[in-house]
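S.K.: Sharing query22.cif below, mmCIF, C-alpha atoms:
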data_my_file
loop_
_atom_site.group_PDB
_atom_site.id
_atom_site.type_symbol
_atom_site.label_atom_id
_atom_site.label_comp_id
_atom_site.auth_asym_id
_atom_site.auth_seq_id
_atom_site.Cartn_x
_atom_site.Cartn_y
_atom_site.Cartn_z
ATOM 1 C CA MET W 1 138.179 49.415 80.726
ATOM 2 C CA THR W 2 141.403 48.940 82.636
ATOM 3 C CA ARG W 3 142.064 50.531 85.995
ATOM 4 C CA THR W 4 144.835 52.631 84.407
ATOM 5 C CA LEU W 5 142.512 54.068 81.754
ATOM 6 C CA THR W 6 139.867 54.747 84.364
ATOM 7 C CA LYS W 7 142.397 56.626 86.496
ATOM 8 C CA LYS W 8 143.456 58.711 83.493
ATOM 9 C CA ARG W 9 139.804 59.579 82.763
ATOM 10 C CA GLU W 10 139.300 60.657 86.377
ATOM 11 C CA GLN W 11 142.357 62.876 86.271
ATOM 12 C CA ARG W 12 141.269 64.395 82.953
ATOM 13 C CA GLU W 13 137.827 65.154 84.335
ATOM 14 C CA LEU W 14 139.192 66.777 87.445
ATOM 15 C CA THR W 15 142.017 68.748 85.817
ATOM 16 C CA VAL W 16 140.380 71.773 84.291
ATOM 17 C CA ALA W 17 141.423 75.373 83.678
ATOM 18 C CA GLY W 18 145.065 74.510 84.368
ATOM 19 C CA LYS W 19 144.529 73.117 87.864
ATOM 20 C CA ARG W 20 143.422 69.899 89.471
ATOM 21 C CA LEU W 21 140.120 70.254 91.260
ATOM 22 C CA ASP W 22 139.925 68.468 94.598
ATOM 23 C CA LEU W 23 136.420 67.034 94.234
ATOM 24 C CA ARG W 24 136.814 63.653 95.901
ATOM 25 C CA ALA W 25 135.995 63.304 99.586
ATOM 26 C CA ASP W 26 139.120 62.819 101.709
ATOM 27 C CA CYS W 27 137.946 61.983 105.227
ATOM 28 C CA GLU W 28 141.510 61.938 106.528
ATOM 29 C CA ARG W 29 141.703 65.706 105.968
ATOM 30 C CA CYS W 30 138.219 66.551 107.226
ATOM 31 C CA PHE W 31 136.871 67.154 110.728
ATOM 32 C CA ALA W 32 133.869 64.875 110.102
ATOM 33 C CA LEU W 33 131.676 67.804 109.067
ATOM 34 C CA CYS W 34 129.098 65.553 107.406
ATOM 35 C CA CYS W 35 128.638 63.790 110.754
ATOM 36 C CA VAL W 36 127.887 67.033 112.574
ATOM 37 C CA ALA W 37 126.607 69.848 110.350
ATOM 38 C CA PRO W 38 123.483 68.270 108.753
ATOM 39 C CA ALA W 39 120.293 67.379 110.606
ATOM 40 C CA PHE W 40 118.491 64.109 109.965
ATOM 41 C CA SER W 41 115.336 62.406 111.148
ATOM 42 C CA ALA W 42 114.652 58.791 112.075
ATOM 43 C CA SER W 43 113.592 57.060 108.874
ATOM 44 C CA VAL W 44 114.539 54.265 106.536
ATOM 45 C CA ASP W 45 117.818 56.145 105.992
ATOM 46 C CA PHE W 46 118.670 57.041 109.596
ATOM 47 C CA ALA W 47 118.112 55.137 112.806
ATOM 48 C CA ILE W 48 117.855 58.238 115.011
ATOM 49 C CA ASN W 49 117.004 61.932 115.046
ATOM 50 C CA LYS W 50 119.916 64.377 115.001
ATOM 51 C CA ASN W 51 119.857 68.162 115.110
ATOM 52 C CA ALA W 52 122.005 70.305 112.836
ATOM 53 C CA GLY W 53 125.340 71.061 114.490
ATOM 54 C CA GLN W 54 125.026 68.091 116.840
ATOM 55 C CA ALA W 55 127.650 65.373 116.534
ATOM 56 C CA CYS W 56 126.352 61.936 115.602
ATOM 57 C CA PRO W 57 126.688 59.583 118.610
ATOM 58 C CA ASN W 58 128.687 57.229 116.400
ATOM 59 C CA LEU W 59 131.386 59.864 115.867
ATOM 60 C CA GLN W 60 134.605 59.063 117.712
ATOM 61 C CA ALA W 61 137.178 61.433 119.190
ATOM 62 C CA ASN W 62 139.454 60.932 116.171
ATOM 63 C CA PHE W 63 136.690 62.132 113.804
ATOM 64 C CA ARG W 64 136.058 58.610 112.547
ATOM 65 C CA CYS W 65 132.768 56.734 112.486
ATOM 66 C CA GLY W 66 132.548 53.952 115.031
ATOM 67 C CA ILE W 67 130.237 51.868 112.827
ATOM 68 C CA HIS W 68 131.608 52.776 109.409
ATOM 69 C CA THR W 69 131.742 49.181 108.191
ATOM 70 C CA ARG W 70 128.243 48.448 109.524
ATOM 71 C CA LEU W 71 126.328 51.601 108.647
ATOM 72 C CA ARG W 72 123.649 49.913 106.562
ATOM 73 C CA GLN W 73 123.156 47.108 109.066
ATOM 74 C CA GLN W 74 122.821 49.662 111.892
ATOM 75 C CA GLY W 75 120.167 51.697 110.070
ATOM 76 C CA PHE W 76 122.346 54.507 108.712
ATOM 77 C CA ARG W 77 121.955 53.905 104.990
ATOM 78 C CA GLY W 78 121.764 57.644 104.414
ATOM 79 C CA CYS W 79 125.394 58.011 105.451
ATOM 80 C CA THR W 80 126.520 55.538 102.792
ATOM 81 C CA VAL W 81 125.011 57.540 99.936
ATOM 82 C CA TYR W 82 126.267 60.973 100.988
ATOM 83 C CA ASP W 83 128.995 62.681 98.942
ATOM 84 C CA CYS W 84 130.498 66.034 99.862
ATOM 85 C CA PHE W 85 132.562 66.270 96.629
ATOM 86 C CA GLY W 86 135.606 67.211 98.685
ATOM 87 C CA ALA W 87 133.901 70.114 100.450
ATOM 88 C CA GLY W 88 134.728 68.648 103.850
ATOM 89 C CA GLN W 89 138.480 68.902 103.493
ATOM 90 C CA LYS W 90 138.180 72.269 101.727
ATOM 91 C CA VAL W 91 136.308 73.810 104.657
ATOM 92 C CA SER W 92 138.504 72.066 107.231
ATOM 93 C CA GLN W 93 141.910 72.754 105.715
ATOM 94 C CA VAL W 94 141.453 75.842 103.542
ATOM 95 C CA THR W 95 138.520 77.955 104.733
ATOM 96 C CA PHE W 96 139.386 77.418 108.402
ATOM 97 C CA GLY W 97 143.086 76.685 107.997
ATOM 98 C CA GLY W 98 143.062 73.310 109.744
ATOM 99 C CA GLN W 99 141.253 74.642 112.808
ATOM 100 C CA ASP W 100 139.492 71.818 114.641
ATOM 101 C CA TRP W 101 135.930 72.768 115.671
ATOM 102 C CA ARG W 102 136.344 70.799 118.889
ATOM 103 C CA GLN W 103 139.455 72.711 119.876
ATOM 104 C CA ALA W 104 138.003 76.016 118.666
ATOM 105 C CA PRO W 105 134.289 75.781 119.525
ATOM 106 C CA GLN W 106 133.835 79.504 118.871
ATOM 107 C CA SER W 107 134.189 78.787 115.142
ATOM 108 C CA ALA W 108 132.047 75.657 115.113
ATOM 109 C CA ARG W 109 128.720 77.293 114.225
ATOM 110 C CA GLN W 110 130.253 79.261 111.380
ATOM 111 C CA MET W 111 132.068 76.193 110.067
ATOM 112 C CA PHE W 112 128.867 74.149 110.070
ATOM 113 C CA ALA W 113 127.050 76.956 108.210
ATOM 114 C CA VAL W 114 129.746 77.149 105.551
ATOM 115 C CA PHE W 115 129.929 73.410 104.909
ATOM 116 C CA PRO W 116 126.633 72.921 102.961
ATOM 117 C CA ILE W 117 127.390 76.003 100.853
ATOM 118 C CA MET W 118 130.836 74.663 99.996
ATOM 119 C CA ARG W 119 129.327 71.282 99.235
ATOM 120 C CA ASP W 120 126.923 72.885 96.733
ATOM 121 C CA LEU W 121 129.779 74.780 95.080
ATOM 122 C CA HIS W 122 131.867 71.627 94.773
ATOM 123 C CA GLU W 123 128.947 69.744 93.261
ATOM 124 C CA LEU W 124 128.636 72.462 90.611
ATOM 125 C CA LEU W 125 132.374 72.181 89.951
ATOM 126 C CA TRP W 126 131.925 68.461 89.368
ATOM 127 C CA TYR W 127 129.186 69.034 86.798
ATOM 128 C CA LEU W 128 131.130 71.811 85.073
ATOM 129 C CA SER W 129 134.290 69.708 84.888
ATOM 130 C CA GLU W 130 132.284 66.902 83.311
ATOM 131 C CA ALA W 131 130.682 69.290 80.827
ATOM 132 C CA LEU W 132 134.146 70.368 79.688
ATOM 133 C CA THR W 133 134.952 66.788 78.641
ATOM 134 C CA LEU W 134 131.975 66.616 76.271
ATOM 135 C CA GLN W 135 133.034 67.246 72.672
ATOM 136 C CA PRO W 136 129.558 68.126 71.314
ATOM 137 C CA ALA W 137 129.497 70.970 73.850
ATOM 138 C CA ARG W 138 132.666 72.599 72.512
ATOM 139 C CA PRO W 139 130.779 75.759 71.451
ATOM 140 C CA LEU W 140 130.092 76.317 75.158
ATOM 141 C CA HIS W 141 133.533 75.436 76.501
ATOM 142 C CA GLN W 142 134.606 79.061 76.910
ATOM 143 C CA GLU W 143 131.496 79.859 78.942
ATOM 144 C CA LEU W 144 131.883 76.638 80.907
ATOM 145 C CA ASN W 145 135.500 77.461 81.715
ATOM 146 C CA LEU W 146 134.557 80.937 82.908
ATOM 147 C CA ALA W 147 131.780 79.489 85.069
ATOM 148 C CA LEU W 148 134.144 76.915 86.520
ATOM 149 C CA GLU W 149 136.782 79.531 87.310
ATOM 150 C CA LYS W 150 134.190 81.805 88.921
ATOM 151 C CA THR W 151 132.834 78.945 91.037
ATOM 152 C CA GLU W 152 136.310 77.867 92.055
ATOM 153 C CA ARG W 153 137.134 81.421 93.150
ATOM 154 C CA LEU W 154 134.006 81.474 95.287
ATOM 155 C CA THR W 155 135.215 78.380 97.167
ATOM 156 C CA HIS W 156 138.196 80.413 98.398
ATOM 157 C CA ASN W 157 136.069 83.211 99.883
ATOM 158 C CA SER W 158 136.020 83.979 103.579
ATOM 159 C CA PRO W 159 133.462 82.247 105.797
ATOM 160 C CA GLU W 160 131.478 85.484 106.000
ATOM 161 C CA ALA W 161 131.393 85.888 102.208
ATOM 162 C CA LEU W 162 130.386 82.275 101.685
ATOM 163 C CA ILE W 163 127.521 82.544 104.161
ATOM 164 C CA SER W 164 126.219 85.685 102.440
ATOM 165 C CA LEU W 165 126.497 84.169 98.948
ATOM 166 C CA ASP W 166 123.252 83.992 96.957
ATOM 167 C CA MET W 167 123.676 80.299 96.275
ATOM 168 C CA ALA W 168 120.281 79.924 94.614
ATOM 169 C CA ALA W 169 121.126 82.558 92.019
ATOM 170 C CA HIS W 170 124.557 81.096 91.321
ATOM 171 C CA ARG W 171 123.151 77.581 91.007
ATOM 172 C CA GLN W 172 120.506 78.808 88.546
ATOM 173 C CA GLU W 173 123.171 80.506 86.443
ATOM 174 C CA ILE W 174 125.218 77.303 86.263
ATOM 175 C CA ASN W 175 122.158 75.125 85.731
ATOM 176 C CA ASN W 176 121.131 77.143 82.670
ATOM 177 C CA LEU W 177 124.576 76.561 81.198
ATOM 178 C CA LEU W 178 124.484 72.841 81.999
ATOM 179 C CA LEU W 179 121.057 72.557 80.388
ATOM 180 C CA CYS W 180 122.409 74.099 77.180
ATOM 181 C CA THR W 181 125.307 71.651 77.362
ATOM 182 C CA SER W 182 122.888 68.766 77.754
ATOM 183 C CA GLU W 183 120.823 69.861 74.760
ATOM 184 C CA LEU W 184 123.892 70.015 72.537
ATOM 185 C CA VAL W 185 125.065 66.565 73.580
ATOM 186 C CA ARG W 186 121.628 64.976 73.219
ATOM 187 C CA ALA W 187 120.789 66.710 69.926
ATOM 188 C CA GLU W 188 120.973 63.501 67.867
ATOM 189 C CA PHE W 189 118.104 62.070 69.940
ATOM 190 C CA LYS W 190 115.932 65.178 69.836
ATOM 191 C CA HIS W 191 113.431 63.555 67.474
ATOM 192 C CA LYS W 192 112.608 60.961 70.123
ATOM 193 C CA LYS W 193 111.022 63.673 72.339
ATOM 194 C CA LYS W 194 111.856 61.942 75.594
ATOM 195 C CA GLU W 195 111.296 64.989 77.772
ATOM 196 C CA LEU W 196 110.788 63.475 81.214
ATOM 197 C CA ARG W 197 112.146 66.261 83.372
ATOM 198 C CA GLY W 198 110.734 65.891 86.873
ATOM 199 C CA ALA W 199 108.550 62.969 85.776
ATOM 200 C CA ASP W 200 106.898 60.812 88.432
ATOM 201 C CA LEU W 201 108.197 57.340 87.592
ATOM 202 C CA ILE W 202 108.120 55.992 91.133
ATOM 203 C CA GLY W 203 107.877 52.204 91.036
ATOM 204 C CA ALA W 204 107.455 52.237 87.245
ATOM 205 C CA LYS W 205 107.995 49.045 85.252
ATOM 206 C CA LEU W 206 110.668 50.156 82.825
ATOM 207 C CA ARG W 207 112.674 47.023 82.220
ATOM 208 C CA GLY W 208 114.541 47.234 78.920
ATOM 209 C CA ALA W 209 113.261 50.756 78.237
ATOM 210 C CA ASP W 210 115.075 52.864 75.649
ATOM 211 C CA PHE W 211 115.998 56.120 77.378
ATOM 212 C CA ARG W 212 118.889 57.044 75.086
ATOM 213 C CA GLY W 213 119.256 60.803 75.044
ATOM 214 C CA ALA W 214 116.275 61.290 77.340
ATOM 215 C CA ASN W 215 115.902 64.294 79.600
ATOM 216 C CA LEU W 216 115.416 62.702 83.024
ATOM 217 C CA ARG W 217 116.515 65.726 85.038
ATOM 218 C CA GLY W 218 114.998 65.561 88.498
ATOM 219 C CA ALA W 219 112.865 62.546 87.571
ATOM 220 C CA TYR W 220 111.488 60.464 90.441
ATOM 221 C CA LEU W 221 112.692 56.926 89.750
ATOM 222 C CA ILE W 222 112.362 55.659 93.319
ATOM 223 C CA GLY W 223 111.924 51.896 93.282
ATOM 224 C CA ALA W 224 111.612 51.840 89.477
ATOM 225 C CA ASP W 225 112.470 48.662 87.602
ATOM 226 C CA LEU W 226 115.189 49.770 85.181
ATOM 227 C CA ARG W 227 116.745 46.380 84.601
ATOM 228 C CA ASP W 228 118.507 46.241 81.222
ATOM 229 C CA ALA W 229 117.343 49.784 80.417
ATOM 230 C CA ASP W 230 119.413 51.840 77.978
ATOM 231 C CA LEU W 231 120.311 55.177 79.573
ATOM 232 C CA ARG W 232 123.198 56.141 77.335
ATOM 233 C CA LEU W 233 123.480 59.914 76.875
ATOM 234 C CA ALA W 234 120.477 60.455 79.132
ATOM 235 C CA ASP W 235 120.625 63.614 81.267
ATOM 236 C CA LEU W 236 120.371 62.287 84.821
ATOM 237 C CA ILE W 237 121.172 65.383 86.859
ATOM 238 C CA GLY W 238 119.152 65.290 90.071
ATOM 239 C CA ALA W 239 117.293 62.080 89.142
ATOM 240 C CA ASP W 240 116.205 60.168 92.266
ATOM 241 C CA PHE W 241 117.354 56.555 91.958
ATOM 242 C CA ARG W 242 116.650 55.446 95.511
ATOM 243 C CA ASP W 243 116.045 51.680 95.454
ATOM 244 C CA ALA W 244 115.772 51.724 91.658
ATOM 245 C CA ASN W 245 116.786 48.415 90.088
ATOM 246 C CA LEU W 246 119.660 49.104 87.690
ATOM 247 C CA ARG W 247 120.758 45.520 87.179
ATOM 248 C CA GLY W 248 122.066 45.151 83.652
ATOM 249 C CA ALA W 249 121.279 48.773 82.779
ATOM 250 C CA ASP W 250 123.622 50.698 80.486
ATOM 251 C CA LEU W 251 124.568 54.124 81.870
ATOM 252 C CA THR W 252 127.757 54.605 79.861
ATOM 253 C CA GLY W 253 127.952 58.124 78.546
ATOM 254 C CA SER W 254 125.032 59.266 80.680
ATOM 255 C CA LEU W 255 125.187 62.944 81.598
ATOM 256 C CA PHE W 256 125.768 64.351 85.082
ATOM 257 C CA LEU W 257 125.312 61.071 86.926
ATOM 258 C CA ILE W 258 127.053 61.146 90.321
ATOM 259 C CA GLN W 259 128.226 58.406 92.664
ATOM 260 C CA SER W 260 125.629 59.077 95.355
ATOM 261 C CA GLN W 261 122.836 58.373 92.857
ATOM 262 C CA LEU W 262 124.338 54.946 92.211
ATOM 263 C CA ASP W 263 124.934 54.348 95.911
ATOM 264 C CA SER W 264 121.212 54.807 96.577
ATOM 265 C CA ALA W 265 120.183 52.352 93.851
ATOM 266 C CA ARG W 266 120.477 48.602 93.340
ATOM 267 C CA GLY W 267 122.586 47.096 90.618
ATOM 268 C CA ASN W 268 125.058 44.360 89.818
ATOM 269 C CA SER W 269 128.284 43.670 87.978
ATOM 270 C CA GLU W 270 126.372 43.798 84.690
ATOM 271 C CA THR W 271 125.397 47.442 85.245
ATOM 272 C CA LYS W 272 127.486 49.533 82.866
ATOM 273 C CA LEU W 273 128.748 52.835 84.278
ATOM 274 C CA PRO W 274 130.666 55.913 83.140
ATOM 275 C CA PRO W 275 134.392 55.305 83.785
ATOM 276 C CA SER W 276 134.631 57.991 86.499
ATOM 277 C CA LEU W 277 132.107 56.143 88.704
ATOM 278 C CA THR W 278 132.335 52.809 90.505
ATOM 279 C CA HIS W 279 130.037 49.935 91.392
ATOM 280 C CA PRO W 280 128.971 50.269 95.054
ATOM 281 C CA THR W 281 130.461 47.507 97.186
ATOM 282 C CA TYR W 282 127.005 46.348 98.341
ATOM 283 C CA TRP W 283 125.686 45.701 94.818
#
Using structure tokens, write down the structure from this file.

M.R.:
Amino acid sequence: MTRTLTKKREQRELTVAGKRLDLRADCERCFALCCVAPAFSASVDFAINKNAGQACPNLQANFRCGIHTRLRQQGFRGCTVYDCFGAGQKVSQVTFGGQDWRQAPQSARQMFAVFPIMRDLHELLWYLSEALTLQPARPLHQELNLALEKTERLTHNSPEALISLDMAAHRQEINNLLLCTSELVRAEFKHKKKELRGADLIGAKLRGADFRGANLRGAYLIGADLRDADLRLADLIGADFRDANLRGADLTGSLFLIQSQLDSARGNSETKLPPSLTHPTYW
């Protein structure tokens, strides 16, 4: 697929309900919230411990990462697989009107509390916008549009309203709708009975496996060998692909796959992806 066609697909996916959704991270318009708000512990993904609300020591005065090009080599792999879906710039420029948390420390705690909530809302917007591109789910498009519009409105709430939002309840409401969408799209494969939701497939030998139309929601595929596997039209929402081998796998048309899932896996130029996603540079 050409770069032009890919760009058109991206724009179609992100232009829903008469407006273009800003669901791509734009670090130039963010106050490095992902480098400050979350906590992380020393592990294979992070070289150090960091408390929530504490700036990463690699964060520079200009809100840029001092080791951005060497994150993996320096032990910060977790940073390379994180995606805020554009929540960072939304909180920085819209919710707080461009107010820098360093220059206005009195708002810092509230800003850091809002950020993960906004990130969750933007992730739901991504899934809903994808669902609206799926033709077999047309019977649900009205409900999907209403859910998208409701979620988008929530992203424009005040900091106080966002913090008090029952995010678990809203996520469950959207998840039920996405599950119905998934079932409609995967209906032609229903006879295969590949219901692997939440399955423990850690380290499994699955080379060349036929997962077309499978329900792999929340499946644990950490370190699994999925070389040359067929994952077309598989529901991959929440599937854990950390260190999974996707070399030669076919994920075209897979449902609800996001870039961070790919970024945590291993693949190559032969891995086939949905047009809205890209091959990680380190594959």

S.K.: Do a neighbour search on range 67-69 of chain W at 12 Å with all atoms listed in the file, toss out local chain neighbours closer than 3 positions, and write the hits as an MDAnalysis selection string.

M.R.: chainID W and resid 27 35 56:60 63:64 72:77 79:80 281:282

S.K.: Can you work out the spacing between CA of Lys50 in chain W and CA of Pro38 in chain W in Å, to one decimal?

M.R.: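 Here the two named atoms are 8.2 Å from each other.
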
S.K.: With a distance cut-off of 8 Å and only C-alpha atoms, select the neighbouring residues of range 234-249 of chain W, excluding the residue or stretch itself and same-chain residues fewer than 4 positions from it, and output the selection as a ChimeraX atom specification.

M.R.: /W:182,186,198,203,208,211-230,253-257,261-262,264-272

S.K.: Record the distance separating CA of Asn62 in chain W and CA of Asp45 in chain W, expressed in Å with one decimal.

M.R.: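 Straight-line distance from CA of Asn62 in chain W to CA of Asp45 in chain W works out to 24.4 Å.
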
S.K.: Hey, which of W:Cys84, W:Cys65, W:Thr95, W:Leu231 ends up closest to Leu206 in chain W? Count only C-alpha atoms.

M.R.: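 Going through W:Cys84, W:Cys65, W:Thr95, W:Leu231 one by one, the smallest distance to Leu206 in chain W is for W:Leu231.
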
S.K.: Care to translate the PyMOL selection byres ((chain W and resi 162-177) around 12) into actual residues of this file, as JSON, numbers by chain?

M.R.: {"W": [91, 95, 109, 110, 111, 112, 113, 114, 115, 116, 117, 118, 119, 120, 121, 122, 123, 124, 125, 126, 127, 128, 129, 131, 132, 137, 139, 140, 141, 142, 143, 144, 145, 146, 147, 148, 149, 150, 151, 153, 154, 155, 156, 157, 158, 159, 160, 161, 178, 179, 180, 181, 182, 183, 184, 217, 237, 238, 256]}

S.K.: Export, as an mmCIF file, in the frame of the given file, the selected residues with C-alpha atoms.

M.R.:
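Saved file part32.cif follows:
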data_model
loop_
_atom_site.group_PDB
_atom_site.id
_atom_site.type_symbol
_atom_site.label_atom_id
_atom_site.label_comp_id
_atom_site.auth_asym_id
_atom_site.auth_seq_id
_atom_site.Cartn_x
_atom_site.Cartn_y
_atom_site.Cartn_z
ATOM 1 C CA VAL W 91 136.308 73.810 104.657
ATOM 2 C CA THR W 95 138.520 77.955 104.733
ATOM 3 C CA ARG W 109 128.720 77.293 114.225
ATOM 4 C CA GLN W 110 130.253 79.261 111.380
ATOM 5 C CA MET W 111 132.068 76.193 110.067
ATOM 6 C CA PHE W 112 128.867 74.149 110.070
ATOM 7 C CA ALA W 113 127.050 76.956 108.210
ATOM 8 C CA VAL W 114 129.746 77.149 105.551
ATOM 9 C CA PHE W 115 129.929 73.410 104.909
ATOM 10 C CA PRO W 116 126.633 72.921 102.961
ATOM 11 C CA ILE W 117 127.390 76.003 100.853
ATOM 12 C CA MET W 118 130.836 74.663 99.996
ATOM 13 C CA ARG W 119 129.327 71.282 99.235
ATOM 14 C CA ASP W 120 126.923 72.885 96.733
ATOM 15 C CA LEU W 121 129.779 74.780 95.080
ATOM 16 C CA HIS W 122 131.867 71.627 94.773
ATOM 17 C CA GLU W 123 128.947 69.744 93.261
ATOM 18 C CA LEU W 124 128.636 72.462 90.611
ATOM 19 C CA LEU W 125 132.374 72.181 89.951
ATOM 20 C CA TRP W 126 131.925 68.461 89.368
ATOM 21 C CA TYR W 127 129.186 69.034 86.798
ATOM 22 C CA LEU W 128 131.130 71.811 85.073
ATOM 23 C CA SER W 129 134.290 69.708 84.888
ATOM 24 C CA ALA W 131 130.682 69.290 80.827
ATOM 25 C CA LEU W 132 134.146 70.368 79.688
ATOM 26 C CA ALA W 137 129.497 70.970 73.850
ATOM 27 C CA PRO W 139 130.779 75.759 71.451
ATOM 28 C CA LEU W 140 130.092 76.317 75.158
ATOM 29 C CA HIS W 141 133.533 75.436 76.501
ATOM 30 C CA GLN W 142 134.606 79.061 76.910
ATOM 31 C CA GLU W 143 131.496 79.859 78.942
ATOM 32 C CA LEU W 144 131.883 76.638 80.907
ATOM 33 C CA ASN W 145 135.500 77.461 81.715
ATOM 34 C CA LEU W 146 134.557 80.937 82.908
ATOM 35 C CA ALA W 147 131.780 79.489 85.069
ATOM 36 C CA LEU W 148 134.144 76.915 86.520
ATOM 37 C CA GLU W 149 136.782 79.531 87.310
ATOM 38 C CA LYS W 150 134.190 81.805 88.921
ATOM 39 C CA THR W 151 132.834 78.945 91.037
ATOM 40 C CA ARG W 153 137.134 81.421 93.150
ATOM 41 C CA LEU W 154 134.006 81.474 95.287
ATOM 42 C CA THR W 155 135.215 78.380 97.167
ATOM 43 C CA HIS W 156 138.196 80.413 98.398
ATOM 44 C CA ASN W 157 136.069 83.211 99.883
ATOM 45 C CA SER W 158 136.020 83.979 103.579
ATOM 46 C CA PRO W 159 133.462 82.247 105.797
ATOM 47 C CA GLU W 160 131.478 85.484 106.000
ATOM 48 C CA ALA W 161 131.393 85.888 102.208
ATOM 49 C CA LEU W 178 124.484 72.841 81.999
ATOM 50 C CA LEU W 179 121.057 72.557 80.388
ATOM 51 C CA CYS W 180 122.409 74.099 77.180
ATOM 52 C CA THR W 181 125.307 71.651 77.362
ATOM 53 C CA SER W 182 122.888 68.766 77.754
ATOM 54 C CA GLU W 183 120.823 69.861 74.760
ATOM 55 C CA LEU W 184 123.892 70.015 72.537
ATOM 56 C CA ARG W 217 116.515 65.726 85.038
ATOM 57 C CA ILE W 237 121.172 65.383 86.859
ATOM 58 C CA GLY W 238 119.152 65.290 90.071
ATOM 59 C CA PHE W 256 125.768 64.351 85.082
#

S.K.: Distance CA of Ser92 in chain W-CA of Asp22 in chain W, one decimal place?

M.R.: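 Taking CA of Ser92 in chain W as the start and CA of Asp22 in chain W as the end point, the length is 13.2 Å.
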
S.K.: Given only C-alpha atoms as the basis, pick out the residue of W:Ala55, W:Leu233, W:Ala37, W:Ala87 nearest to Arg24 in chain W.

M.R.: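 Answer, going by the shortest atom-to-atom distance: W:Ala87.
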
S.K.: Can you tell me, as an MDAnalysis selection string, what residues are no more than 8 Å from Cys30 in chain W when counting all atoms listed in the file, ignoring any on the same chain fewer than 4 positions away?

M.R.: chainID W and resid 26 88:93

S.K.: Taking into account only C-alpha atoms, which residue in the set W:Trp283, W:Trp101, W:Phe96, W:Tyr82 is nearest to Cys34 in chain W?

M.R.: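 Looking only at the distances to Cys34 in chain W, the closest residue turns out to be W:Tyr82.
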
S.K.: Give the centre and edge lengths of an axis-aligned box, in Å to one decimal, that holds all listed atoms of range 155-167 of chain W with 5 Å on each side, as lines of an AutoDock Vina configuration file.

M.R.:
center_x = 130.7
center_y = 82.1
center_z = 101.1
size_x = 24.9
size_y = 17.5
size_z = 19.7

S.K.: Could you write range 22-32 of chain W as a CSV table (one decimal), in the frame of the given file, with N, CA, C and O atoms rebuilt where they are missing?

M.R.:
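The file below, part-v7.csv, is the result:
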chain,number,residue,atom,x,y,z
W,22,ASP,N,140.0,69.5,93.5
W,22,ASP,CA,139.9,68.5,94.6
W,22,ASP,C,138.5,68.2,94.9
W,22,ASP,O,137.9,68.8,95.8
W,23,LEU,N,137.9,67.3,94.1
W,23,LEU,CA,136.4,67.0,94.2
W,23,LEU,C,136.1,65.6,94.7
W,23,LEU,O,135.0,65.2,94.6
W,24,ARG,N,137.0,65.0,95.3
W,24,ARG,CA,136.8,63.7,95.9
W,24,ARG,C,136.9,63.8,97.4
W,24,ARG,O,137.9,64.4,97.9
W,25,ALA,N,136.0,63.2,98.1
W,25,ALA,CA,136.0,63.3,99.6
W,25,ALA,C,137.3,62.7,100.1
W,25,ALA,O,137.6,61.6,99.7
W,26,ASP,N,137.9,63.3,101.0
W,26,ASP,CA,139.1,62.8,101.7
W,26,ASP,C,138.9,63.0,103.2
W,26,ASP,O,139.2,64.0,103.8
W,27,CYS,N,138.3,61.9,103.8
W,27,CYS,CA,137.9,62.0,105.2
W,27,CYS,C,139.1,62.2,106.1
W,27,CYS,O,139.0,62.7,107.3
W,28,GLU,N,140.3,61.8,105.7
W,28,GLU,CA,141.5,61.9,106.5
W,28,GLU,C,141.8,63.4,106.8
W,28,GLU,O,142.5,63.8,107.7
W,29,ARG,N,141.4,64.3,105.9
W,29,ARG,CA,141.7,65.7,106.0
W,29,ARG,C,140.5,66.5,106.4
W,29,ARG,O,140.5,67.8,106.3
W,30,CYS,N,139.4,65.9,106.8
W,30,CYS,CA,138.2,66.6,107.2
W,30,CYS,C,137.9,66.3,108.7
W,30,CYS,O,138.3,65.3,109.3
W,31,PHE,N,137.3,67.3,109.3
W,31,PHE,CA,136.9,67.2,110.7
W,31,PHE,C,135.5,66.6,110.9
W,31,PHE,O,134.7,67.1,111.7
W,32,ALA,N,135.2,65.6,110.0
W,32,ALA,CA,133.9,64.9,110.1
W,32,ALA,C,132.7,65.8,110.0
W,32,ALA,O,131.7,65.6,110.7
